[in-house]
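Have a look at the structure below, then the notes.
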Amino acid sequence: QVQLVESGGGLVQAGVSLRLSCAASGRTFDTYAMGWFRQAPGKERDFVAAISRNGGNTYYADSVKGRFTISRDNAKNTVYLKMNSLQPEDTAVYYCAAAYLPMHNSVTYLPSAYDYWGQGTQVTVSS
């Protein structure tokens with residue numbers, strides 16, 4: 001069992017940066033690939049970024065590529081999402097998730113592949 005707790009969301013102006021954190025419980029954090037998803041009001045949950053369990057492989061949605069960076073610190077059981085040049089369309093609840101994948105460098109953008117989810121943190125970007 002893995003419990004995930006997101007933090008770092010808030011209300012910011014367009015153009016600024018924000019870093020989200022996701023702290024995981026348990027001693028098996030480094031066996032899970034991690035992902036970030038987001039859900040805007042009235043929309044489906046969308047993939048944002050993913051990182052392999054060893055941190056060596058990352059994958060991004062086209063909408064955030066070049067602006068967002070996912071990283072992880074396995075010693076701290078934490079995954080991060082650094083978001084630069086935030087825009088109003090980035091407004092959403094951001095969720096982190098953990099996926100048990102067979103290969104150490106695997107990543108996935110499929111929500112169905114993720115086994116555990118956090119409760120989410122709200123990010124609101126004003127224009």
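To be explicit about the labels: the chains of the structure tokens are called A, B, and onward in the order shown, and within each one the residues are counted from 1, while ligands get numbers from 1 in the order they are shown.
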
Just list the residues in chain A DSSP gives helix (DSSP H, G or I) on the backbone, as a VMD selection string. chain A and resid 29 to 31 88 to 90 111 to 113

Contacts of Asn74 of chain A at 7 Å or less, counting only C-alpha atoms, minus same-chain residues fewer than 3 places along, as a list in words?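 Skipping anything fewer than 3 positions along the chain leaves Phe29, Asp30, Asn77 and Thr78 of chain A.
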
Could you list, as a PyMOL selection string, every residue within 12 Å of segment 50-56 of chain A, counting only C-alpha atoms and ignoring same-chain residues fewer than 6 positions away? chain A and resi 28-37+64-65+68-75+77-81+95-111+113-114

Which of chain A end up as strand (DSSP E) when DSSP is run on this backbone - answer as a count of residues only? 60

How far is it from atom CA of Gln3 of chain A to atom CA of Glu89 of chain A, in Å with one decimal?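 Computing the Euclidean distance for atom CA of Gln3 of chain A and atom CA of Glu89 of chain A yields 28.4 Å.
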
Non-local contacts of Val123 of chain A (8 Å; only C-alpha atoms; under 4 positions in same chain excluded) as a list in words: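 The neighbour list is Gly9, Gly10, Leu11, Val12, Asp90, Thr91, Ala92, Val93 and Tyr94 of chain A.
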
Which residues, written as a list in words, have at least one atom at most 12 Å from Ser63 of chain A, with only C-alpha atoms counted and residues fewer than 6 positions away on the same chain left out?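 My list of contacting residues is Arg38, Asp46, Phe47, Val48, Ala49, Met83, Leu86, Gln87, Glu89 and Asp90 of chain A.
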
Straight-line distance linking atom CA of Glu44 of chain A with atom CA of Ser112 of chain A, stated in Å to one decimal: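 If I compute the distance from atom CA of Glu44 of chain A to atom CA of Ser112 of chain A, I get 13.4 Å.
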
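The gap separating atom CA of Ala23 of chain A from atom CA of Thr124 of chain A is 21.1 Å, in Å to one decimal.
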
Using only C-alpha atoms, determine which residues lie at most 10 Å from Gly66 of chain A, disregarding the query and same-chain residues fewer than 5 positions distant; provide the list as a PDB file with C-alpha atoms, in the first residue's frame.
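Dumped to out.pdb:
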ATOM      1  CA  TYR A  60       5.585  14.823 -20.881  1.00  0.00           C
ATOM      2  CA  ALA A  61       2.317  15.864 -22.396  1.00  0.00           C
ATOM      3  CA  MET A  83       6.009  24.327 -13.398  1.00  0.00           C
ATOM      4  CA  ASN A  84       7.385  27.366 -15.195  1.00  0.00           C
ATOM      5  CA  SER A  85       5.619  30.038 -17.238  1.00  0.00           C
TER       6      SER A  85
END
